[in-house]
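Asks: I have a structure here, written as structure tokens, and I will follow up with some questions on it.
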Amino acid sequence: MDFRFDEDQELLQTTVRDFLEGEITAEVVRGLWETKTARSPELWKTLAEIGLPGMLVPEEHGGMGMDEVDFVLLLEETGRAGLAEPIVATAAVAAPMLRGVGGDLAKQWLPKIATGDAIVAVGHPSLPFVEDAHVADLLLLPAGDELHAVLAADVEITEQPTNDPSRRIASVSFAAAEGTRIASGADAAQLWETAFDRGALACAAQALGACDRMLQIAVEYTSERKQFGKPIGSFQAVKHHLAAVKVKLEYARPVVQRAAHSVASGSAKRGLHVSMAKLVACEAAVFGAKQTLQCHGAIGYTWEQDLHVWMRRAWSLDRSWGRSPAHLARVRAAILEPDARLGAGTTFSNA
Amino acid sequence: MDFRFDEDQELLQTTVRDFLEGEITAEVVRGLWETKTARSPELWKTLAEIGLPGMLVPEEHGGMGMDEVDFVLLLEETGRAGLAEPIVATAAVAAPMLRGVGGDLAKQWLPKIATGDAIVAVGHPSLPFVEDAHVADLLLLPAGDELHAVLAADVEITEQPTNDPSRRIASVSFAAAEGTRIASGADAAQLWETAFDRGALACAAQALGACDRMLQIAVEYTSERKQFGKPIGSFQAVKHHLAAVKVKLEYARPVVQRAAHSVASGSAKRGLHVSMAKLVACEAAVFGAKQTLQCHGAIGYTWEQDLHVWMRRAWSLDRSWGRSPAHLARVRAAILEPDARLGAGTTFSNA
Amino acid sequence: MDLTFTREQDGFRAEARAWLGAHVPGEPLRSFDTAEGAKQHREWEAILNGGGWAMVPWPVEYGGRGANLLEWLIFEEEYYRAGAPKRINQNGIFLLGPTIMEYGTPEQKARFLPKMASSEEVWVQGWSEPNAGSDMANIQTTAIRDGDHFIVNGQKTWASRGAFGDWLFGMFRTDPESERHKGLTFILAPLDLPGITVRPIEQLDGLPGFAEVFFDDVRVPVEHQLGEEGQGWQVAMSTAGFERGLMLRSPARFQDTARRLVELYRANAADVEDAIRDEVARCWIGAEAYTLETFRTVSRLLAGGKIGAESSLNKIFWSELDLRMHELALEILGDRGDLLPGAPAAEGVGSWLDGYLFALSGPIYAGTNEIQRNIISERLLGMPR
Amino acid sequence: MDLTFTREQDGFRAEARAWLGAHVPGEPLRSFDTAEGAKQHREWEAILNGGGWAMVPWPVEYGGRGANLLEWLIFEEEYYRAGAPKRINQNGIFLLGPTIMEYGTPEQKARFLPKMASSEEVWVQGWSEPNAGSDMANIQTTAIRDGDHFIVNGQKTWASRGAFGDWLFGMFRTDPESERHKGLTFILAPLDLPGITVRPIEQLDGLPGFAEVFFDDVRVPVEHQLGEEGQGWQVAMSTAGFERGLMLRSPARFQDTARRLVELYRANAADVEDAIRDEVARCWIGAEAYTLETFRTVSRLLAGGKIGAESSLNKIFWSELDLRMHELALEILGDRGDLLPGAPAAEGVGSWLDGYLFALSGPIYAGTNEIQRNIISERLLGMPR
């Protein structure tokens with residue numbers, strides 16, 4: 001029992017944080033909002049150079065060969081950076097799906113993911129829209145109980161503009177064919193289930209980062225901004241708003257990290273742990289958005305203030321890969337099972 | 001349209017407030033807790049002298065002949081005073097029930113209620129326990145769809161001690177007989193329905209008073225008590241705790257007063273209005289208990305501090321005459337009816 | 001206590017309902033924070049004014065019909081019931097209007113009020129400055145007397161309707177040696193004066209609901225001073241805050257939102273958790289409570305009562321209620337909750353997303369809810385400063 | 001990251017489980033805040049000590065078995081799993097013990113720790129005074145040196161276990177000229193010394209969980225001073241606050257409550273609204289989150305890490321969670337929620353009402369949650385004072 005990351009993992013986190021801080025500012029995000037896709041092929045290539053898209057791609061396919069425990073800290077950093085590139089779809093979900101499917105498909109696409117030459121989007125059967133379909137080269141899509149891999153040229157995409165210019169979702173339709181089917185029945189079901197958990201886990205990790213960033217922005221602002229001759233951050237009401245966010249954030253973080261461990265180790269409780277993580281991390285982020293906005297006063301309510309870049313991220317992550325009611329329902333079902341093991345000593349699997 | 005009380009009503013409120021302040025202190029309440037019944041026949045007689053038990057008893061039977069609008073301000077005062085005598089059961093519920101039944105029963109009992117010579121308890125079919133059965137001379141009780149009036153000697157009372165020494169409830173059983181039946185069928189149903197609304201309304205009004213009293217106690221304490229060289233009431237966190245209670249209280253009050261008007265005028269929306277009132281008034285009081293306790297710190301957590309007398313009242317009133325889920329269900333049902341009139345201009349009956 | 005409307009009040013309601021039913025546009029107008037929408041809204045206000053309904057509680061000579069506050073509440077109920085457009089000139093008719101009524105000279109009343117009622121002149125609110133947000137007394141924009149003009153220099157911000165409005169009102173520091181609440185004067189200024197630059201600010205919905213307004217040696221005639229020189233703070237503060245709040249946040253607005261929320265829930269009940277149902281009911285109760293408290297207060301005011309710090313209770317209650325209703329609506333909309341109205345899958349989403357973004361500002365503007373809680377605790381509860 | 005227990009840890013767990021299974025009383029004991037219950041609890045502690053389980057993380061020579069913090073967590077899990085009694089000497093073993101371990105002389109350790117572990121001496125906490133609640137530095141009770149004794153005068157309050165305990169610990173002002181944090185000394189005093197009067201305080205559940213302790217020229221030997229004279233504040237503050245917190249509020253406690261809450265819900269599901277179900281699930285998640293964060297922190301501490309203001313996060317989280325769980329339980333119990341355990345209709349109500357009254361004190365004691373939020377904002381977030 002050692003609930004810590006090792007030095008390499010922590011070093012990588014710091015490296016990625018520093019890198020993202022240099023590459024992605026609020027200005028960069030705003031710039032991307034003005035583009036047609038809100039995505040940057042150049043940025044994606046740069047991310048590939050530090051290995052982000054191929055983090056879960058096996059080394060034999062040119063990836064980093066890491067697991068979700070290694071990845072979770074980095075995903076938190078992408079959330080902190082406000083990064084909207086398709087890291088969740090391609091790196092966190094599609095890459096391990098393709099690894100699971102194996103064969104030629106994996107051989108063909110995994111190396112391209114690792115080098116940043118392919119973006120893969122995933123349309124989960126339980127979700128109405130597909131994220132990042134508009135920039136995908138390949139899409140993993142459901143048809144009945146089958147899983148299909150479809151080239152961008154063969155799908156019809158209807159974009160669904162949302163409140164977050166960084167969030168790009170679409171309705172996608174395609175003609176399912178023998179040639180596109182890559183799994184069916186129990187195999188497909190298993191792939192879809194783990195895909196859902198990986199997507200939700202990645203969003204949870206990003207939500208932690210987004211929440212932390214909003215706190216940082218609010219602490220800086222309220223320490224500078226003066227009213228009645230004092231920094232507004234010295235007023236108890238403002239302090240307590242932000243302290244409440246900090247409590248939620250710090251008690252969400254270990255839940256997310258444990259979920260990463262459960263996914264990486266293939267624990268039977270993986271789905272339960274991921275749903276808990278998605279729930280608490282997104283609640284912290286959405287609550288954080290509300291509280292930090294309030295602490296900013298009117299300035300927070302403007303397009304030009306940076307806060308809303310992360311506020312919209314928080315809202316979007318809350319909506320991605322299963323909204324809270326769906327995740328809460330999974331938790332509820334698990335603990336209300338007649339033979340559920342609950343109580344002291346049941347948290348870790350071999351206790 | 002004039003949503004005000006008249007001068008007489010306000011004068012009576014002031015009079016009753018002053019009277020109760022003189023008669024009932026926290027010390028008196030504590031003293032009664034030490035007695036077997038937690039009730040005082042002497043106090044009840046004194047209350048009868050100012051007309052409280054007979055407020056809704058017609059003048060022809062020696063009462064004040066007033067209605068719920070007149071009474072609601074006084075009920076609030078009994079809540080402020082922490083009065084636990086059976087005003088709700090006898091004055092607010094039983095008296096108008098007996099008035100509704102009429103005949104010899106009314107002639108026999110209403111004058112005694114007015115003079116303070118009889119206490120009448122009511123066991124509503126939807127509620128498991130009967131309040132103040134232990135001191136009742138007459139009990140109005142259900143049996144199937146019938147309503148029975150039973151003398152104290154003919155019932156079996158099993159007291160159910162609770163967390164609030166002022167709250168005295170019991171399970172009651174009796175042998176229903178031809179001679180005790182006073183209504184059945186639709187008549188009884190109608191009597192039970194209005195009894196429920198009157199009981200809930202009275203509790204809501206008392207809850208307002210209890211909430212206001214707790215606020216007063218907390219404001220006084222936090223203005224005196226010093227920490228870090230300042231009254232703790234000057235700290236924003238403490239202020240905002242109490243300000244939040246004040247908001248809830250002041251927006252509950254008109255809801256209760258409107259419900260009183262609807263009961264007095266026999267409005268078709270009476271039940272809906274009463275349930276709203278019970279819900280918001282008890283929520284304010286329960287929230288007020290939590291916030292004022294927190295503002296007291298450790299001293300609030302003791303038996304010797306007065307606060308808990310009203311805190312327990314708040315909890316007890318929340319439990320009396322229908323708990324929140326039952327009242328919320330009534331509201332929910334009303335607004336989700338297919339032909340419910342909702343929206344601007346639907347608040348008052350002839351709009 | 002009489003909770004029924006009189007025959008006269010019912011008659012007034014019927015008249016308003018009939019007129020609105022005949023004139024309210026069938027199609028919703030665009031937002032008045034767009035150029036096209038501003039034009040549409042001015043046209044609507046002209047129609048409203050033509051019917052004599054632009055500002056019912058004002059005296060007839062200023063374009064009103066001399067109604068009392070209760071009739072105003074009734075009119076608002078009918079206005080929302082009819083689904084009529086938002087009021088583009090709300091800063092003028094609801095905020096500045098009552099102040100001019102109290103402090104204006106006869107000439108100022110005649111000059112400004114009729115064109116305000118008709119929205120020929122749309123007013124811009126100039127309360128805030130970069131260093132005067134919640135701390136409204138920290139005003140630094142100066143207006144120095146020079147003969148029969150003030151020379152104005154400085155900057156106002158969060159000037160709502162700034163992008164498409166005509167006149168600005170606000171406090172300016174006329175005594176440069178003064179501090180805080182002293183030495184301020186309430187001044188009205190047309191935005192087309194030389195030296196004024198308006199820079200729109202995009203808000204969270206991407207529209208320029210606010211503007212920054214820069215003053216560079218702007219000459220404003222002294223006849224546009226409202227109230228006495230140096231008494232700006234009193235002018236801004238002393239008028240009935242409640243009446244203003246009532247105008248802007250009449251119960252009808254929240255009752256209408258609550259009704260739409262219940263309908264939204266009904267339409268989607270099969271897809272949402274049962275717990276939502278209770279929250280919807282609580283919101284509806286909240287809108288009723290707000291209505292009841294407003295009628296209670298108006299009854300008191302009509303009988304000669306006064307209102308003071310109680311308006312802080314009001315501010316907190318409506319802003320929290322409004323935000324909660326919009327949060328719930330997005331929750332009910334589920335996966336469709338963040339779709340822009342133009343999205344192909346956005347059928348049935350209505351304007352809840354826009355409403356949510358607007359509702360988020362409720363606890364912030366017109367004095368943050370933190371400031372209101374200070375006022376409640378100190379002025380209503382009597383807690384120590 | 002390794003989230004599985006080692007073979008040794010599993011073995012330790014098995015041993016604890018077997019011993020507890022064989023020794024935990026079948027019937028619940030009475031509250032240790034009653035005379036009879038105090039006696040029962042001392043007897044249980046003697047059995048626990050006899051088995052060598054009284055204070056597992058302490059060195060063997062003081063009655064422990066030299067376990068580390070992780071093993072402590074495992075022991076606690078088994079202790080709660082077995083439904084074993086609450087710890088009457090918690091102020092001693094969990095709060096004072098670690099302080100003596102750090103600051104005590106060899107003689108003091110030998111004198112106090114073994115009898116603390118065995119609960120032959122039950123300790124009373126003397127932190128608060130009438131004017132020193134959340135503001136702990138405002139201590140006024142004096143202890144003036146007179147040869148080899150201190151002469152103690154003044155009053156402690158909220159002294160938990162005061163009614164049935166043996167020894168008191170706390171800070172006393174040894175330099176009467178000093179102010180605030182300075183001039184305080186940490187002193188241990190037997191309650192049977194002449195001049196000490198103990199007056200029990202009834203708490204909300206009607207039991208004397210606290211006492212006021214009055215000192216009237218009480219002579220306490222200087223050998224009972226812990227740490228240096230005048231360094232009382234440092235002694236009280238510097239020992240690992242987290243470890244103390246962990247002892248008193250180990251995750252097992254809240255996991256056990258969450259389990260009982262889920263079971264209560266299951267038993268009453270038909271009678272309560274569906275919305276309750278979600279809240280129960282959220283509470284269970286909260287208990288899991290608390291457990292995970294604790295294991296994460298203990299992993300860090302075992303690897304040489306430190307903990308500081310983070311314990312304020314901890315305080316807020318567990319106290320709010322505990323209160324919420326008990327509120328929900330009473331909600332599920334419905335009409336039976338306020339019945340005393342002896343009431344005829346109280347079948348199945350368990351000890352939720354008592355637990356609720358106790359949980360209400362969570363956000364208050366050990367530093368109110370308001371104080372904790374100050375600490376979080378200033379020390380963890382770096383906001384201005």
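Labels used: A, B, ... for chains in the order of the structure tokens, numbers from 1 for residues in each chain, and numbers from 1 for ligands as shown.
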Quick one: residues within 12 Å of D:Gly50, only C-alpha atoms, excluding same-chain residues fewer than 3 positions away - as a count of residues only?
Replies: 16
Asks: Kindly determine which residues of chain A lie within 10 Å of chain B, considering only C-alpha atoms, and give the answer as an mmCIF file with all heavy atoms, in the first residue's frame.
Replies:
```cif
data_model
loop_
_atom_site.group_PDB
_atom_site.id
_atom_site.type_symbol
_atom_site.label_atom_id
_atom_site.label_comp_id
_atom_site.auth_asym_id
_atom_site.auth_seq_id
_atom_site.Cartn_x
_atom_site.Cartn_y
_atom_site.Cartn_z
ATOM 1 N N PHE A 235 -11.504 39.882 2.625
ATOM 2 C CA PHE A 235 -12.831 39.769 3.247
ATOM 3 C C PHE A 235 -13.198 38.300 3.457
ATOM 4 O O PHE A 235 -13.005 37.471 2.570
ATOM 5 C CB PHE A 235 -13.899 40.458 2.381
ATOM 6 C CG PHE A 235 -13.763 41.945 2.356
ATOM 7 C CD1 PHE A 235 -13.233 42.603 1.261
ATOM 8 C CD2 PHE A 235 -14.134 42.700 3.458
ATOM 9 C CE1 PHE A 235 -13.084 43.977 1.250
ATOM 10 C CE2 PHE A 235 -13.994 44.084 3.461
ATOM 11 C CZ PHE A 235 -13.457 44.729 2.357
ATOM 12 N N GLN A 236 -13.730 38.024 4.634
ATOM 13 C CA GLN A 236 -14.032 36.640 4.996
ATOM 14 C C GLN A 236 -15.000 35.977 4.015
ATOM 15 O O GLN A 236 -14.853 34.795 3.697
ATOM 16 C CB GLN A 236 -14.619 36.604 6.404
ATOM 17 C CG GLN A 236 -13.955 35.607 7.299
ATOM 18 C CD GLN A 236 -14.550 35.619 8.694
ATOM 19 O OE1 GLN A 236 -15.563 36.252 8.973
ATOM 20 N NE2 GLN A 236 -13.908 34.882 9.584
ATOM 21 N N ALA A 237 -15.954 36.737 3.528
ATOM 22 C CA ALA A 237 -16.949 36.134 2.628
ATOM 23 C C ALA A 237 -16.256 35.600 1.376
ATOM 24 O O ALA A 237 -16.570 34.509 0.895
ATOM 25 C CB ALA A 237 -18.017 37.162 2.249
ATOM 26 N N VAL A 238 -15.323 36.379 0.855
ATOM 27 C CA VAL A 238 -14.593 35.965 -0.350
ATOM 28 C C VAL A 238 -13.682 34.783 -0.024
ATOM 29 O O VAL A 238 -13.636 33.787 -0.749
ATOM 30 C CB VAL A 238 -13.789 37.156 -0.915
ATOM 31 C CG1 VAL A 238 -12.908 36.708 -2.075
ATOM 32 C CG2 VAL A 238 -14.740 38.269 -1.355
ATOM 33 N N LYS A 239 -12.983 34.883 1.095
ATOM 34 C CA LYS A 239 -12.110 33.781 1.522
ATOM 35 C C LYS A 239 -12.871 32.473 1.641
ATOM 36 O O LYS A 239 -12.418 31.425 1.192
ATOM 37 C CB LYS A 239 -11.497 34.094 2.884
ATOM 38 C CG LYS A 239 -10.391 35.091 2.829
ATOM 39 C CD LYS A 239 -9.835 35.300 4.228
ATOM 40 C CE LYS A 239 -8.606 36.180 4.131
ATOM 41 N NZ LYS A 239 -8.121 36.617 5.415
ATOM 42 N N HIS A 240 -14.014 32.554 2.282
ATOM 43 C CA HIS A 240 -14.733 31.313 2.561
ATOM 44 C C HIS A 240 -15.340 30.723 1.289
ATOM 45 O O HIS A 240 -15.461 29.510 1.172
ATOM 46 C CB HIS A 240 -15.778 31.552 3.653
ATOM 47 C CG HIS A 240 -15.140 31.767 5.004
ATOM 48 N ND1 HIS A 240 -15.809 31.635 6.180
ATOM 49 C CD2 HIS A 240 -13.865 32.075 5.352
ATOM 50 C CE1 HIS A 240 -14.982 31.871 7.197
ATOM 51 N NE2 HIS A 240 -13.816 32.154 6.707
#
```
Asks: Mind listing as number ranges by chain which residues of chain B are within 8 Å of chain D, counting only C-alpha atoms?
Replies: B: 128, 158-164, 226-228, 237, 294, 297-298, 301-304, 308, 319, 323, 325
Asks: Distance cut-off 12 Å, counting only C-alpha atoms - which residues of chain C neighbour chain D? Return them as a list in words.
Replies: Val272, Glu273, Asp274, Ala275, Ile276, Arg277, Asp278 and Glu279 of chain C
Asks: Show me, as an MDAnalysis selection string, the residues that have an atom within 6 Å of stretch 294-309 of chain D when counting only C-alpha atoms, minus same-chain residues fewer than 3 positions from it.
Replies: (chainID A and resid 2:3) or (chainID D and resid 291 312)
Asks: Take the residues that were just selected and, keeping N, CA, C and O atoms, output them as a compact mmCIF listing (two decimals), in the first residue's frame.
Replies:
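Written out: part15.txt:
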```txt
# COMPACT_ATOMS: atom_id res chain seq x y z
N ASP A 2 0.87 1.94 -1.09
CA ASP A 2 1.58 3.22 -1.16
C ASP A 2 0.86 4.12 -2.16
O ASP A 2 1.03 4.01 -3.37
N PHE A 3 0.07 5.03 -1.63
CA PHE A 3 -0.80 5.87 -2.46
C PHE A 3 -0.03 7.11 -2.90
O PHE A 3 -0.43 8.22 -2.59
N THR D 291 -11.57 8.38 3.07
CA THR D 291 -10.66 7.25 3.25
C THR D 291 -9.47 7.34 2.29
O THR D 291 -8.31 7.19 2.70
N SER D 312 -6.86 21.40 8.04
CA SER D 312 -8.08 22.20 8.07
C SER D 312 -9.08 21.73 7.01
O SER D 312 -10.30 21.81 7.21
```
Asks: Please identify all polymer residues within 8 Å of stretch 7-14 of chain D, counting only C-alpha atoms, omitting same-chain residues fewer than 6 positions from it, and present them as a list in words.
Replies: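 Selected residues are Ala351 of chain A; Glu71, Ile74, Phe75 and Glu78 of chain D.
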Asks: Quick one: DSSP strand (DSSP E or B) residues in stretch 20-158 of chain A, as an mmCIF file with N, CA and C atoms, in the first residue's frame?
Replies:
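And here's states24.cif as it stands now:
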```
data_model
loop_
_atom_site.group_PDB
_atom_site.id
_atom_site.type_symbol
_atom_site.label_atom_id
_atom_site.label_comp_id
_atom_site.auth_asym_id
_atom_site.auth_seq_id
_atom_site.Cartn_x
_atom_site.Cartn_y
_atom_site.Cartn_z
ATOM 1 N N VAL A 120 -8.369 10.414 -33.717
ATOM 2 C CA VAL A 120 -9.446 9.431 -33.735
ATOM 3 C C VAL A 120 -10.541 9.880 -32.765
ATOM 4 N N ALA A 121 -11.770 9.943 -33.250
ATOM 5 C CA ALA A 121 -12.900 10.320 -32.400
ATOM 6 C C ALA A 121 -13.708 9.065 -32.055
ATOM 7 N N VAL A 122 -14.423 9.146 -30.952
ATOM 8 C CA VAL A 122 -15.179 7.979 -30.492
ATOM 9 C C VAL A 122 -16.627 8.393 -30.214
ATOM 10 N N VAL A 130 -20.807 13.182 -30.737
ATOM 11 C CA VAL A 130 -19.415 12.747 -30.826
ATOM 12 C C VAL A 130 -18.517 13.979 -30.700
ATOM 13 N N GLU A 131 -17.569 13.923 -29.788
ATOM 14 C CA GLU A 131 -16.659 15.049 -29.603
ATOM 15 C C GLU A 131 -15.529 14.974 -30.625
ATOM 16 N N LEU A 138 -10.207 9.145 -38.224
ATOM 17 C CA LEU A 138 -10.912 7.877 -38.066
ATOM 18 C C LEU A 138 -11.920 8.040 -36.934
ATOM 19 N N LEU A 139 -13.074 7.388 -37.083
ATOM 20 C CA LEU A 139 -14.074 7.441 -36.012
ATOM 21 C C LEU A 139 -14.454 6.037 -35.590
ATOM 22 N N LEU A 140 -14.474 5.801 -34.299
ATOM 23 C CA LEU A 140 -14.937 4.519 -33.758
ATOM 24 C C LEU A 140 -16.392 4.727 -33.351
ATOM 25 N N LEU A 141 -17.276 3.983 -34.010
ATOM 26 C CA LEU A 141 -18.706 4.281 -33.862
ATOM 27 C C LEU A 141 -19.519 3.020 -33.627
ATOM 28 N N PRO A 142 -20.657 3.140 -32.963
ATOM 29 C CA PRO A 142 -21.506 1.974 -32.720
ATOM 30 C C PRO A 142 -22.555 1.802 -33.829
ATOM 31 N N ALA A 143 -22.930 0.563 -34.047
ATOM 32 C CA ALA A 143 -24.097 0.273 -34.884
ATOM 33 C C ALA A 143 -24.706 -0.988 -34.284
ATOM 34 N N GLU A 146 -22.568 -3.593 -32.527
ATOM 35 C CA GLU A 146 -21.253 -3.683 -33.169
ATOM 36 C C GLU A 146 -20.446 -2.413 -32.976
ATOM 37 N N LEU A 147 -19.145 -2.607 -33.180
ATOM 38 C CA LEU A 147 -18.219 -1.475 -33.143
ATOM 39 C C LEU A 147 -17.597 -1.350 -34.520
ATOM 40 N N HIS A 148 -17.669 -0.144 -35.077
ATOM 41 C CA HIS A 148 -17.116 0.078 -36.409
ATOM 42 C C HIS A 148 -16.024 1.132 -36.369
ATOM 43 N N ALA A 149 -15.048 0.942 -37.258
ATOM 44 C CA ALA A 149 -14.006 1.950 -37.454
ATOM 45 C C ALA A 149 -14.219 2.538 -38.834
ATOM 46 N N VAL A 150 -14.515 3.837 -38.878
ATOM 47 C CA VAL A 150 -14.944 4.447 -40.129
ATOM 48 C C VAL A 150 -14.048 5.637 -40.452
ATOM 49 N N LEU A 151 -13.628 5.710 -41.692
ATOM 50 C CA LEU A 151 -12.801 6.848 -42.110
ATOM 51 C C LEU A 151 -13.651 8.120 -42.187
ATOM 52 N N VAL A 155 -18.245 9.260 -43.168
ATOM 53 C CA VAL A 155 -19.278 9.627 -42.188
ATOM 54 C C VAL A 155 -19.901 10.966 -42.559
ATOM 55 N N GLU A 156 -21.123 11.137 -42.092
ATOM 56 C CA GLU A 156 -21.765 12.431 -42.280
ATOM 57 C C GLU A 156 -21.825 13.127 -40.925
ATOM 58 N N ILE A 157 -21.297 14.309 -40.884
ATOM 59 C CA ILE A 157 -21.152 15.020 -39.608
ATOM 60 C C ILE A 157 -22.060 16.242 -39.582
ATOM 61 N N THR A 158 -22.877 16.337 -38.539
ATOM 62 C CA THR A 158 -23.707 17.529 -38.345
ATOM 63 C C THR A 158 -23.242 18.206 -37.066
#
```
Asks: Quick one, how far is atom CA of B:Val28 from atom CA of B:Lys45?
Replies: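 The value is 15.6 Å.
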Asks: Which residues in stretch 5-224 of chain C does DSSP call helix (DSSP H, G or I)? List them as a PyMOL selection string.
Replies: chain C and resi 7-23+35-50+60-62+69-81+90-103+106-117+222-224
Asks: For B:Val247, work out the shell of residues within 10 Å, counting only C-alpha atoms and skipping chain neighbours fewer than 3 positions away, then give it as an MDAnalysis selection string.
Replies: (chainID B and resid 242:244 250:252 284) or (chainID C and resid 310 312:317 373 376)
Asks: For A:Asp187, list every protein, DNA or RNA residue within 12 Å, evaluated using only C-alpha atoms, and leave out those in the same chain fewer than 3 positions away; present the list as a list of chain:residue names.
Replies: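 After dropping sequence-adjacent residues, the list is A:Met97, A:Gly100, A:Val101, A:Asp145, A:Glu146, A:Leu147, A:Arg181, A:Ile182, A:Ala183, A:Ser184, A:Gln190, A:Leu191, A:Trp192, A:Glu193, A:Thr194.
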Asks: Mind giving me the straight-line distance from atom CA of B:Ser234 to atom CA of A:His241 in Å, one decimal?
Replies: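 Between atom CA of B:Ser234 and atom CA of A:His241 the gap is 18.1 Å.
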Asks: Can you tell me how far atom CA of A:Leu47 sits from atom CA of A:His273, in Å to one decimal?
Replies: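 Here the two named atoms are 28.7 Å from each other.
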Asks: Just want the 9 Å neighbourhood of D:Gly126, counted on only C-alpha atoms, with same-chain residues fewer than 3 positions away dropped. Output as number ranges by chain.
Replies: D: 129, 156-160, 162, 168-171, 213
Asks: For A:Ala38, which residue among A:Pro165, A:Pro96, A:Pro86, A:Gly322 is the nearest when counting only C-alpha atoms?
Replies: A:Pro165
